[in-house]
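Reading through the structure tokens given below for one structure.
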Amino acid sequence: MNYSLKFSGIMISFLFFLSAESVFSEPSAKEIIKTIESKMKGTTSQGKYEITIARSRSKRTLLIESWEDSNQKKAFIKILKPKKDKGITFLKIDQNLWQYFPEVGKEIKIEGSMLQGNWMGSDMTNDDLVRATSIIDDYTHDFVNSNDQSLYKVELVPKPHAAVIWSRLVMHVRKSDILPVKQEFYDHKNRLARTMGYSEYKNMGGRIIPTIFTVKTIKGNRVISSTTLKYITVLFDRPISNYIFSRANLRR
Amino acid sequence: MLKVSFRNIFRNKRRTIITFILISVGSIIFSIFRFVSFGVHQDMIWHVVELNTGFIQIAANGWLENPVIERAMDTTPELIQELKNMEKIHAVAPRIAGHGLISYRENSRFISVLGIDALQEKKITTIHKRITEGSYLNPESDKHQGIIGYKLARHLGVSPGDTVYIIGSQFDGSMRVLSVEISGIYKAVDVELDMSRIIINLQAARQLFSPDDPESQIKRYTSIALGVEHYRDAEDVYGRLSEKFPIPELEKDEDRENSENYDPVALFWEDLNPGIVQMVILDEIQNDLFYGFLLIIIAFGVLNNVQMSIHERNRELGILLALGTRPRDLVAMILLETLIIMIPSLIIGNAVGTGICYYWYLNPIVLGGDFGQMYIDMGFEPILRPILDTFQLWVSILSIFVPSMTLALIASRRVFKLNPVQIIGTL
Amino acid sequence: MNFFETILMIIKIGFRNIVRQKKRSALIISSAATGVIGIIFTIALINAFFIAMVENGIKSGLGHVQIRPAGYEESRKMGMLLQDPLSIQINIEDHKIKNTHFSGRFEREGILRIASFTRGVLFIGIEENEKKVSHYSDWTNEGEFLFPEKTGLHPGTVPCMIGRINAEKMEVAPGDWAVLSLSDQTGTYRSVRCIISGIFSSSVEPIDKYTVILTRRDLSEFYSEKDDLYSYFVFLGESLEHAEKIKGSLQNTFSGNSEIEILSFSDLEKYFSGTMEMVDVFSWIFYLILLIGVALILFESITMSVFERMRELGIMHAIGSRPLFIFAMVIYESILLTIIGSFLGIALGGFLILFFNIYGLNLSYFSEGIESIGKLGSTVYPFLTPLNILEALYFPFLISIASAIFPALKAVRISPVKAIYNR
């Protein structure tokens, strides 16, 4: 139900920047995924994002501000809009989550069955948030045939020990700049259960990245809900004070 | 013929009396059992119905299968008015129900949250009569108030006047925390209500769950509880409401709990309390078994009566047949005899049974000891009492009457097989 | 004639009498039989319900006796741990109780997930002896039970078992995997992949839906990195009566240990003794009523039979038969017929009961969803104890005597002259 959300963390997490040399040799599937990770995230990132959540009978838009330190696995989110949610904050350290409600001045730790559902009614699962699994380390990566010659199609299959709820993922990646276009999530009966779309490639924070991410939950061939994240501003690799990632900061 | 029949039965006083006793005692037992079993079941049903769900509710399609706040239904003022205007409905109480985490100091627990219209609900459910500490929700108050069960209060360490927090998931998915003042503590004698529920006023629930449509301003409720006087009225009202709000057909591959159709449907107490229904049915199965055997024994008694009376009067019947009496008439006479015994004994037996039950109804037996404790643990009041009901009475009368007369009919057909010549020959 | 010859005479004459009055005898026999069938079937069914409730309760985890951390009975808090479980275990093994098995368990609440399916469940970590204390191994109808432990599983994964209802909803089969998550000892959210080794069908819906079985070691390590955590020990003896003895014996063994509680099945399920009482009371009432019915029929029939044989009895008087003889004869006839009827009833009823015992009586024909009552599966197995059968013979026997007394007296008082003359 409540998680600290780092939206660039919906994307695959990155370990290092792909060096220029690999441009000359045909990259391996795994390298492609690593490249994506490093392009979309930095060692740190901070910014303002707009999130629109569309469900069967409700639609709402949040404006959040977020900080993430991917090395230390910390993240902090503050909700700026709408008014009723203003001031709600989330803190994630490793796989621990805390949430603060300014209206009543109460801080709670999100534990156990509270982690069952999705974050704030969106299409993100708690796994996405807490990022218990790594798209690089927990999967094997292989090319598969792509209908579109401008795109790589990479299939990711979870390794035998990975605690992953999907049975396979498929990433569609632009050959030109190794940026993702679409990610598909398949369940254990090989049905498409979720898609992530990337669009609006722009220069932001010194990088060219997709700035709109759309996650759609699919059931029985119908899209039953969707969540769209839009970058408003973002900065990468700036140092972030440790105070941001503290329990005290929740209340500020 | 009546006279003849009458005289005949007194020919063998003993047998007549025994059959009479068998049927009347059987009727007494039957009627008592039926009334008691009916009473006990009604009490069980009434207990949960008056405590929690009421007899009838209106809710969105799919809410029964998936009782989450996201399945709240659009409720226009017209709908409410229409329900208020319906015959035999004396109260309309909208509700907002969901789940949440209640927390007080270090203790917390997942519970169900029920937001009610404090005033209207009093006409439908009786939780307000079971307040043991503090007071019921104040309909005049604009503060967020709640009442909780005594077991939950003990678990959390809460007393009236304390403020608890409820964290819940809203209609649109966002999370909300509400602080609620506990105005009172109740003892429902129901496991779930006492341990896992908080009842708050509607405005608190509205703030916590925010079910209303922000654009069209349409209010939403998860269900509307309706007040009816009696069980029989409830059946009638439910029938009408089911016609008015038919259950929508499912689309291909759709399951109702995730349906896109949120039209209102009518729900009967049986739908809302499946556990009780099963308990009652189980009990009825056991009882039916017993009735069956008792019936067989009584029917045997009647059968015996008829057979013996034919056998004893073999000669007489043979002569009558020889003299030209139609066998049909003899059968009629025998059946009449049986009726003459049966009707008074049924009447007397059932009347005595009814009388006993009436007295018992006015003076119910309170169960004590482990037996009573078990009732309490299961969530019922530990009393045992019958309820008089015409339907049950008819069942009691007919279940003895029909099989017995049928057997009597079959037995008396023996008359057709009597060969007058043979019989007279043995004289 | 001496005593034995008299008895023999009674037997012979009585027997012949009942053969002579076929119709009447048939009636008595059949009504006794019906009464007895009714009684034993009702008892068998009640036994079945009772045992189903109890057995399901006991064998689905409750056991006969449990050793729990002190304070459990009152608070029923999930998550309490036994301090020093290894020494408790040593103690138990040192003071072995006859015909009793025990096994340790560790439980945590958590989440079961695959693709978009997610459900809050209870993880129960079991040990090898679990087979001897509960039904989970019997209920496993697809795949394999967790023990004997499998080798060859990929490191980092754990074997688990889930209920049929979940397996169907999740669309998984043995060999597939799911993700188990919980908050560990430090409060951190953790997940692990579990390979479904078997699927169990408990016929109690909440158990199927909300239970996932792992090995205790795996669950303990998942939760705390150590493999030695225990929530409680379960003991299974031979019967409910045995349970109290086990409890007593354990209390002796652990007297002075204030960190644990010894709880029997009835402590854990408080409504249990109440149910027993209720069942007892009701079955007595049922008996009584059926017997009264049979008694009335008996009474009438014997009386009739005496009347019909007035002449004969009158002659017997006239030739000097002793009143006691006649009295005994009438009573004997009643007893004989009732006993035959009772045996017939037991045979027929018993056959019916045996049939349902083997194939089960499926209550869902009477109502759907009966499984959701909780402690009761939808199929029950009626049975009779030897005591039940004895009772089913004993009471008809008594009433056969009671109903025959009046007619027998009448028979004795018949004045020979009137009898012979009156026909």
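Note on naming: chains are A, B, ... as they come in the structure tokens, residues start from 1 per chain, ligands start from 1 in the order shown.
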Show which residues sit within 6 Å of A:Glu68, as JSON, numbers by chain. Count only C-alpha atoms, and ignore same-chain residues fewer than 4 positions away.
{"A": [44, 45, 74, 75]}
Using DSSP on the backbone coordinates, identify all residues within stretch 94-328 of chain C classified as strand (DSSP E or B); present the result as a PyMOL selection string.
chain C and resi 101-114+117-126+140-143+157-163+177-183+189-200+211-215+232-236+260-264
Take the residues just selected and output them with C-alpha atoms as a PDB file, in the first residue's frame.
```
ATOM      1  CA  HIS C 101       4.105 -38.524  18.590  1.00  0.00           C
ATOM      2  CA  PHE C 102       5.256 -34.949  18.542  1.00  0.00           C
ATOM      3  CA  SER C 103       6.592 -32.467  16.053  1.00  0.00           C
ATOM      4  CA  GLY C 104       7.817 -28.894  16.166  1.00  0.00           C
ATOM      5  CA  ARG C 105       6.463 -25.963  14.165  1.00  0.00           C
ATOM      6  CA  PHE C 106       7.379 -22.418  13.354  1.00  0.00           C
ATOM      7  CA  GLU C 107       4.768 -20.032  11.966  1.00  0.00           C
ATOM      8  CA  ARG C 108       4.807 -16.559  10.447  1.00  0.00           C
ATOM      9  CA  GLU C 109       2.370 -14.446   8.553  1.00  0.00           C
ATOM     10  CA  GLY C 110       3.363 -13.497   5.054  1.00  0.00           C
ATOM     11  CA  ILE C 111       2.325 -13.087   1.453  1.00  0.00           C
ATOM     12  CA  LEU C 112       2.022 -15.614  -1.363  1.00  0.00           C
ATOM     13  CA  ARG C 113       2.392 -14.235  -4.876  1.00  0.00           C
ATOM     14  CA  ILE C 114       2.680 -15.117  -8.535  1.00  0.00           C
ATOM     15  CA  PHE C 117      -2.118 -12.986  -7.703  1.00  0.00           C
ATOM     16  CA  THR C 118      -1.375 -11.949  -4.166  1.00  0.00           C
ATOM     17  CA  ARG C 119      -2.717 -13.303  -0.902  1.00  0.00           C
ATOM     18  CA  GLY C 120      -1.915 -12.862   2.768  1.00  0.00           C
ATOM     19  CA  VAL C 121      -1.263 -16.309   4.232  1.00  0.00           C
ATOM     20  CA  LEU C 122       0.155 -18.117   7.213  1.00  0.00           C
ATOM     21  CA  PHE C 123       3.476 -19.850   6.610  1.00  0.00           C
ATOM     22  CA  ILE C 124       3.727 -23.023   8.690  1.00  0.00           C
ATOM     23  CA  GLY C 125       7.190 -24.521   8.993  1.00  0.00           C
ATOM     24  CA  ILE C 126       7.014 -28.260   9.750  1.00  0.00           C
ATOM     25  CA  THR C 140      -1.409 -34.130  -0.373  1.00  0.00           C
ATOM     26  CA  ASN C 141      -3.043 -35.326  -3.517  1.00  0.00           C
ATOM     27  CA  GLU C 142      -0.778 -33.873  -6.131  1.00  0.00           C
ATOM     28  CA  GLY C 143       2.975 -33.830  -6.134  1.00  0.00           C
ATOM     29  CA  THR C 157      14.932 -21.676  -3.430  1.00  0.00           C
ATOM     30  CA  VAL C 158      12.793 -23.533  -0.919  1.00  0.00           C
ATOM     31  CA  PRO C 159      10.189 -26.249  -1.414  1.00  0.00           C
ATOM     32  CA  CYS C 160       6.659 -25.477  -0.298  1.00  0.00           C
ATOM     33  CA  MET C 161       3.128 -26.815  -0.401  1.00  0.00           C
ATOM     34  CA  ILE C 162      -0.007 -24.864  -1.098  1.00  0.00           C
ATOM     35  CA  GLY C 163      -3.715 -25.603  -0.873  1.00  0.00           C
ATOM     36  CA  TRP C 177       7.234 -21.679  -8.501  1.00  0.00           C
ATOM     37  CA  ALA C 178       5.762 -18.815  -6.525  1.00  0.00           C
ATOM     38  CA  VAL C 179       7.176 -16.009  -4.423  1.00  0.00           C
ATOM     39  CA  LEU C 180       6.867 -15.936  -0.642  1.00  0.00           C
ATOM     40  CA  SER C 181       7.414 -12.672   1.190  1.00  0.00           C
ATOM     41  CA  LEU C 182       7.475 -11.602   4.793  1.00  0.00           C
ATOM     42  CA  SER C 183       8.979  -9.080   7.170  1.00  0.00           C
ATOM     43  CA  TYR C 189      10.817  -7.080   3.738  1.00  0.00           C
ATOM     44  CA  ARG C 190      12.217 -10.224   2.159  1.00  0.00           C
ATOM     45  CA  SER C 191      11.151 -12.544  -0.622  1.00  0.00           C
ATOM     46  CA  VAL C 192      12.143 -16.012  -1.651  1.00  0.00           C
ATOM     47  CA  ARG C 193      11.263 -18.239  -4.538  1.00  0.00           C
ATOM     48  CA  CYS C 194       9.510 -21.397  -3.479  1.00  0.00           C
ATOM     49  CA  ILE C 195       9.148 -24.441  -5.666  1.00  0.00           C
ATOM     50  CA  ILE C 196       5.788 -26.074  -5.270  1.00  0.00           C
ATOM     51  CA  SER C 197       6.508 -29.608  -4.244  1.00  0.00           C
ATOM     52  CA  GLY C 198       2.962 -30.676  -3.513  1.00  0.00           C
ATOM     53  CA  ILE C 199      -0.613 -29.520  -3.383  1.00  0.00           C
ATOM     54  CA  PHE C 200      -2.880 -30.448  -0.493  1.00  0.00           C
ATOM     55  CA  THR C 211      -1.875 -21.864   4.577  1.00  0.00           C
ATOM     56  CA  VAL C 212       1.478 -22.411   2.934  1.00  0.00           C
ATOM     57  CA  ILE C 213       3.661 -25.221   4.274  1.00  0.00           C
ATOM     58  CA  LEU C 214       7.454 -25.057   4.341  1.00  0.00           C
ATOM     59  CA  THR C 215      10.079 -26.927   6.275  1.00  0.00           C
ATOM     60  CA  TYR C 232       5.315 -24.557  19.444  1.00  0.00           C
ATOM     61  CA  PHE C 233       5.303 -28.341  19.664  1.00  0.00           C
ATOM     62  CA  VAL C 234       2.313 -30.486  18.739  1.00  0.00           C
ATOM     63  CA  PHE C 235       1.486 -33.851  20.256  1.00  0.00           C
ATOM     64  CA  LEU C 236      -0.845 -36.491  18.912  1.00  0.00           C
ATOM     65  CA  ILE C 260       5.851 -22.611  28.620  1.00  0.00           C
ATOM     66  CA  GLU C 261       2.229 -23.659  28.752  1.00  0.00           C
ATOM     67  CA  ILE C 262       0.841 -27.116  28.146  1.00  0.00           C
ATOM     68  CA  LEU C 263      -2.516 -26.887  26.402  1.00  0.00           C
ATOM     69  CA  SER C 264      -4.873 -29.677  25.416  1.00  0.00           C
TER      70      SER C 264
END
```
Could you list, as a list in words, every residue within 6 Å of stretch 134-142 of chain A, counting only C-alpha atoms and ignoring same-chain residues fewer than 2 positions away? Ile12, Ala29, Lys30, Val154, Glu155, Leu156, Val157, Pro158, Lys159 and Ala162 of chain A
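For A:Lys48, the residues within 8 Å (counting only C-alpha atoms, excluding itself and residues fewer than 2 positions away along the chain) are Gln46, Glu50, Leu63, Ile64, Glu65, Ser66, Tyr231, Ile232, Thr233 and Val234 of chain A.
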Next, write the just-selected residues to a file, as an mmCIF file, in the first residue's frame, keeping all heavy atoms as the atom set.
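Output contents, as saved in out.cif:
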```cif
data_model
loop_
_atom_site.group_PDB
_atom_site.id
_atom_site.type_symbol
_atom_site.label_atom_id
_atom_site.label_comp_id
_atom_site.auth_asym_id
_atom_site.auth_seq_id
_atom_site.Cartn_x
_atom_site.Cartn_y
_atom_site.Cartn_z
ATOM 1 N N GLN A 46 17.624 13.196 -8.360
ATOM 2 C CA GLN A 46 16.601 13.911 -7.598
ATOM 3 C C GLN A 46 15.783 14.698 -8.594
ATOM 4 O O GLN A 46 16.289 15.111 -9.637
ATOM 5 C CB GLN A 46 17.237 14.822 -6.549
ATOM 6 C CG GLN A 46 18.210 15.812 -7.151
ATOM 7 C CD GLN A 46 19.091 16.446 -6.098
ATOM 8 O OE1 GLN A 46 19.663 15.772 -5.245
ATOM 9 N NE2 GLN A 46 19.219 17.748 -6.149
ATOM 10 N N GLU A 50 5.485 14.007 -12.150
ATOM 11 C CA GLU A 50 4.022 14.022 -12.099
ATOM 12 C C GLU A 50 3.549 12.597 -12.359
ATOM 13 O O GLU A 50 3.968 11.964 -13.323
ATOM 14 C CB GLU A 50 3.510 14.958 -13.188
ATOM 15 C CG GLU A 50 2.017 15.198 -13.124
ATOM 16 C CD GLU A 50 1.584 16.065 -14.284
ATOM 17 O OE1 GLU A 50 1.328 15.515 -15.365
ATOM 18 O OE2 GLU A 50 1.540 17.295 -14.109
ATOM 19 N N LEU A 63 1.808 15.156 -7.680
ATOM 20 C CA LEU A 63 3.089 15.786 -7.992
ATOM 21 C C LEU A 63 4.016 15.427 -6.855
ATOM 22 O O LEU A 63 3.703 15.672 -5.693
ATOM 23 C CB LEU A 63 2.923 17.308 -8.078
ATOM 24 C CG LEU A 63 4.214 18.054 -8.419
ATOM 25 C CD1 LEU A 63 4.666 17.725 -9.840
ATOM 26 C CD2 LEU A 63 4.001 19.574 -8.306
ATOM 27 N N ILE A 64 5.128 14.783 -7.164
ATOM 28 C CA ILE A 64 6.023 14.371 -6.088
ATOM 29 C C ILE A 64 7.427 14.893 -6.337
ATOM 30 O O ILE A 64 7.823 15.218 -7.453
ATOM 31 C CB ILE A 64 6.100 12.833 -5.944
ATOM 32 C CG1 ILE A 64 6.761 12.203 -7.183
ATOM 33 C CG2 ILE A 64 4.737 12.236 -5.694
ATOM 34 C CD1 ILE A 64 7.131 10.761 -6.954
ATOM 35 N N GLU A 65 8.146 14.974 -5.234
ATOM 36 C CA GLU A 65 9.552 15.305 -5.309
ATOM 37 C C GLU A 65 10.307 14.118 -4.731
ATOM 38 O O GLU A 65 9.874 13.556 -3.723
ATOM 39 C CB GLU A 65 9.819 16.564 -4.480
ATOM 40 C CG GLU A 65 11.161 17.173 -4.771
ATOM 41 C CD GLU A 65 11.331 18.525 -4.078
ATOM 42 O OE1 GLU A 65 10.352 19.004 -3.440
ATOM 43 O OE2 GLU A 65 12.437 19.065 -4.169
ATOM 44 N N SER A 66 11.394 13.717 -5.391
ATOM 45 C CA SER A 66 12.046 12.517 -4.894
ATOM 46 C C SER A 66 13.557 12.581 -4.995
ATOM 47 O O SER A 66 14.115 13.275 -5.852
ATOM 48 C CB SER A 66 11.488 11.295 -5.632
ATOM 49 O OG SER A 66 12.487 10.607 -6.302
ATOM 50 N N TYR A 231 8.509 13.070 -16.018
ATOM 51 C CA TYR A 231 9.568 13.867 -15.390
ATOM 52 C C TYR A 231 9.262 15.342 -15.618
ATOM 53 O O TYR A 231 9.060 15.769 -16.741
ATOM 54 C CB TYR A 231 10.921 13.584 -16.040
ATOM 55 C CG TYR A 231 11.613 12.310 -15.595
ATOM 56 C CD1 TYR A 231 10.933 11.250 -15.037
ATOM 57 C CD2 TYR A 231 12.989 12.176 -15.760
ATOM 58 C CE1 TYR A 231 11.577 10.101 -14.652
ATOM 59 C CE2 TYR A 231 13.656 11.036 -15.382
ATOM 60 C CZ TYR A 231 12.950 10.004 -14.826
ATOM 61 O OH TYR A 231 13.628 8.868 -14.456
ATOM 62 N N ILE A 232 9.298 16.115 -14.542
ATOM 63 C CA ILE A 232 9.194 17.562 -14.720
ATOM 64 C C ILE A 232 10.615 18.144 -14.728
ATOM 65 O O ILE A 232 11.012 18.859 -15.625
ATOM 66 C CB ILE A 232 8.373 18.214 -13.595
ATOM 67 C CG1 ILE A 232 7.046 17.476 -13.402
ATOM 68 C CG2 ILE A 232 8.160 19.689 -13.856
ATOM 69 C CD1 ILE A 232 6.052 17.684 -14.511
ATOM 70 N N THR A 233 11.340 17.870 -13.689
ATOM 71 C CA THR A 233 12.767 18.227 -13.680
ATOM 72 C C THR A 233 13.524 17.075 -13.057
ATOM 73 O O THR A 233 12.987 16.361 -12.213
ATOM 74 C CB THR A 233 13.064 19.464 -12.798
ATOM 75 O OG1 THR A 233 12.711 19.125 -11.448
ATOM 76 C CG2 THR A 233 12.292 20.675 -13.251
ATOM 77 N N VAL A 234 14.788 16.888 -13.476
ATOM 78 C CA VAL A 234 15.583 15.844 -12.835
ATOM 79 C C VAL A 234 17.061 16.196 -12.902
ATOM 80 O O VAL A 234 17.531 16.789 -13.873
ATOM 81 C CB VAL A 234 15.322 14.469 -13.499
ATOM 82 C CG1 VAL A 234 15.831 14.419 -14.932
ATOM 83 C CG2 VAL A 234 15.893 13.350 -12.662
#
```
Given only C-alpha atoms, how would the per-residue table for chain A near chain B read, listing every residue at most 7 Å away with its closest atom pair and distance in Å to one decimal, sorted by chain and number, as a Markdown table?
```
| residue | atom | partner | partner_atom | distance |
| --- | --- | --- | --- | --- |
| A:Ser58 | CA | B:Asp172 | CA | 5.6 |
| A:Phe101 | CA | B:Val177 | CA | 6.8 |
| A:Val104 | CA | B:Ser179 | CA | 6.8 |
| A:Met120 | CA | B:Ser174 | CA | 4.4 |
| A:Gly121 | CA | B:Gly173 | CA | 3.6 |
```
Take the residues just selected and output them with N, CA, C and O atoms as a JSON list (two decimals), in the first residue's frame.
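Wrote selection_39.json, looks like this:
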```
[["chain", "number", "residue", "atom", "x", "y", "z"],
["A", 58, "SER", "N", -11.62, 5.87, -11.17],
["A", 58, "SER", "CA", -11.03, 7.08, -10.61],
["A", 58, "SER", "C", -9.77, 7.41, -11.37],
["A", 58, "SER", "O", -9.14, 6.57, -11.98],
["A", 101, "PHE", "N", 2.37, 10.66, 7.90],
["A", 101, "PHE", "CA", 1.13, 11.36, 7.58],
["A", 101, "PHE", "C", 1.09, 12.66, 8.36],
["A", 101, "PHE", "O", 0.86, 12.64, 9.57],
["A", 104, "VAL", "N", -2.06, 13.85, 10.79],
["A", 104, "VAL", "CA", -2.18, 13.40, 12.17],
["A", 104, "VAL", "C", -0.83, 13.30, 12.86],
["A", 104, "VAL", "O", -0.75, 12.89, 14.01],
["A", 120, "MET", "N", 0.05, 3.14, -3.38],
["A", 120, "MET", "CA", -0.90, 4.23, -3.55],
["A", 120, "MET", "C", -1.92, 3.95, -4.67],
["A", 120, "MET", "O", -2.33, 4.87, -5.36],
["A", 121, "GLY", "N", -2.29, 2.71, -4.84],
["A", 121, "GLY", "CA", -3.29, 2.41, -5.86],
["A", 121, "GLY", "C", -2.76, 2.47, -7.28],
["A", 121, "GLY", "O", -3.53, 2.41, -8.23]]
```
Expected answer as an mmCIF file with C-alpha atoms, in the first residue's frame: chain A residues within 12 Å of chain C, only C-alpha atoms:
```cif
data_model
loop_
_atom_site.group_PDB
_atom_site.id
_atom_site.type_symbol
_atom_site.label_atom_id
_atom_site.label_comp_id
_atom_site.auth_asym_id
_atom_site.auth_seq_id
_atom_site.Cartn_x
_atom_site.Cartn_y
_atom_site.Cartn_z
ATOM 1 C CA TYR A 3 6.100 2.554 -0.408
ATOM 2 C CA LYS A 92 13.196 3.669 1.958
ATOM 3 C CA ILE A 93 16.426 2.269 3.312
ATOM 4 C CA ASP A 94 17.423 -1.102 1.822
ATOM 5 C CA GLN A 95 14.194 -3.036 2.050
ATOM 6 C CA ASN A 96 12.614 -1.074 4.853
ATOM 7 C CA LEU A 97 9.868 1.434 4.266
ATOM 8 C CA TRP A 98 8.445 4.156 6.439
ATOM 9 C CA LYS A 109 6.641 1.369 9.285
ATOM 10 C CA ILE A 110 5.237 -0.534 6.357
ATOM 11 C CA GLU A 111 5.509 -4.200 7.170
ATOM 12 C CA GLY A 112 4.064 -7.571 6.491
ATOM 13 C CA SER A 113 0.730 -7.741 4.763
ATOM 14 C CA MET A 114 0.664 -3.993 4.251
ATOM 15 C CA LEU A 115 3.074 -4.659 1.428
ATOM 16 C CA GLN A 116 0.534 -6.819 -0.337
ATOM 17 C CA GLY A 117 -1.021 -4.390 -2.707
ATOM 18 C CA ASN A 118 0.302 -1.747 -5.009
ATOM 19 C CA ASP A 123 0.280 -0.094 -11.075
ATOM 20 C CA MET A 124 3.592 -0.383 -9.291
ATOM 21 C CA THR A 125 4.025 -3.346 -7.042
ATOM 22 C CA ASN A 126 5.894 -3.247 -3.791
ATOM 23 C CA ASP A 127 8.705 -5.167 -5.442
ATOM 24 C CA LEU A 129 9.469 -0.013 -4.954
ATOM 25 C CA VAL A 130 11.605 -1.899 -2.601
ATOM 26 C CA ARG A 131 13.485 -3.187 -5.559
ATOM 27 C CA ALA A 132 14.203 -6.510 -4.020
ATOM 28 C CA THR A 133 15.326 -7.894 -7.353
ATOM 29 C CA ASP A 138 18.517 -11.887 -11.245
ATOM 30 C CA PRO A 158 14.554 -14.992 -14.115
ATOM 31 C CA LYS A 159 17.379 -17.125 -12.784
ATOM 32 C CA PRO A 160 16.326 -20.280 -10.939
ATOM 33 C CA HIS A 161 16.723 -18.784 -7.486
ATOM 34 C CA ALA A 162 15.298 -15.332 -8.193
ATOM 35 C CA ALA A 163 12.211 -14.383 -6.176
ATOM 36 C CA VAL A 164 10.521 -12.833 -9.170
ATOM 37 C CA ILE A 165 6.777 -13.030 -9.802
ATOM 38 C CA TRP A 166 7.056 -12.835 -13.585
ATOM 39 C CA SER A 167 8.054 -15.767 -15.721
ATOM 40 C CA ARG A 168 9.753 -13.623 -18.361
ATOM 41 C CA LEU A 169 10.238 -10.050 -19.504
ATOM 42 C CA PHE A 185 5.890 -8.659 -18.358
ATOM 43 C CA TYR A 186 4.588 -12.184 -18.857
ATOM 44 C CA ASP A 187 3.022 -14.401 -16.236
ATOM 45 C CA HIS A 188 3.683 -18.098 -15.684
ATOM 46 C CA LYS A 189 1.067 -19.022 -18.295
ATOM 47 C CA ASN A 190 2.838 -16.806 -20.770
ATOM 48 C CA ARG A 191 0.092 -14.230 -20.828
ATOM 49 C CA LEU A 192 0.974 -10.573 -21.059
ATOM 50 C CA ALA A 193 0.153 -9.145 -17.633
ATOM 51 C CA ARG A 194 1.828 -5.763 -17.629
ATOM 52 C CA THR A 217 -1.917 -3.656 -15.942
ATOM 53 C CA ILE A 218 -3.561 -6.143 -18.250
ATOM 54 C CA LYS A 219 -6.061 -8.801 -17.330
ATOM 55 C CA GLY A 220 -7.842 -11.002 -19.820
#
```
9 Å contact set for stretch 281-292 of chain C, only C-alpha atoms, chain neighbours under 6 positions out, as a tab-separated table (two decimals) with N, CA and C atoms, in the first residue's frame:
```tsv
chain	number	residue	atom	x	y	z
B	22	LEU	N	-50.47	-42.82	20.27
B	22	LEU	CA	-49.27	-42.75	19.43
B	22	LEU	C	-49.28	-41.48	18.59
B	26	GLY	N	-46.97	-38.39	19.34
B	26	GLY	CA	-46.10	-38.08	18.19
B	26	GLY	C	-46.28	-36.64	17.75
B	29	ILE	N	-44.65	-34.24	20.22
B	29	ILE	CA	-43.19	-34.21	20.04
B	29	ILE	C	-42.82	-33.48	18.77
B	290	PHE	N	-34.19	-37.30	12.06
B	290	PHE	CA	-34.95	-37.74	13.23
B	290	PHE	C	-36.44	-37.78	12.92
B	293	PHE	N	-37.57	-40.80	10.93
B	293	PHE	CA	-37.76	-42.07	11.64
B	293	PHE	C	-38.96	-42.05	12.55
B	294	LEU	N	-39.17	-40.94	13.18
B	294	LEU	CA	-40.33	-40.82	14.05
B	294	LEU	C	-41.61	-41.04	13.24
B	297	ILE	N	-42.30	-44.58	12.38
B	297	ILE	CA	-42.87	-45.33	13.50
B	297	ILE	C	-44.34	-45.03	13.68
C	32	ALA	N	-39.53	-52.60	15.39
C	32	ALA	CA	-38.32	-52.56	16.21
C	32	ALA	C	-37.12	-52.26	15.33
C	35	GLY	N	-37.12	-48.64	14.35
C	35	GLY	CA	-36.68	-47.81	15.47
C	35	GLY	C	-35.18	-47.89	15.65
C	36	VAL	N	-34.67	-49.11	15.56
C	36	VAL	CA	-33.24	-49.28	15.79
C	36	VAL	C	-32.42	-48.64	14.67
C	38	GLY	N	-33.28	-46.15	12.94
C	38	GLY	CA	-33.34	-44.72	13.18
C	38	GLY	C	-32.34	-44.29	14.23
C	39	ILE	N	-32.36	-45.04	15.32
C	39	ILE	CA	-31.45	-44.67	16.40
C	39	ILE	C	-30.00	-44.74	15.95
C	42	THR	N	-28.96	-42.11	13.28
C	42	THR	CA	-28.78	-40.78	13.86
C	42	THR	C	-27.49	-40.72	14.67
C	43	ILE	N	-27.27	-41.76	15.47
C	43	ILE	CA	-26.04	-41.76	16.27
C	43	ILE	C	-24.82	-41.75	15.37
C	46	ILE	N	-24.33	-38.35	13.96
C	46	ILE	CA	-23.82	-37.43	14.96
C	46	ILE	C	-22.35	-37.72	15.26
C	392	ALA	N	-27.93	-49.68	21.34
C	392	ALA	CA	-29.03	-49.86	20.41
C	392	ALA	C	-29.74	-51.20	20.65
C	395	PHE	N	-31.52	-50.78	24.93
C	395	PHE	CA	-32.76	-50.05	25.22
C	395	PHE	C	-34.00	-50.68	24.61
C	396	PRO	N	-33.93	-51.14	23.37
C	396	PRO	CA	-35.10	-51.86	22.87
C	396	PRO	C	-35.40	-53.08	23.75
C	399	ILE	N	-37.35	-51.90	26.72
C	399	ILE	CA	-38.74	-51.55	26.47
C	399	ILE	C	-39.53	-52.77	26.04
```
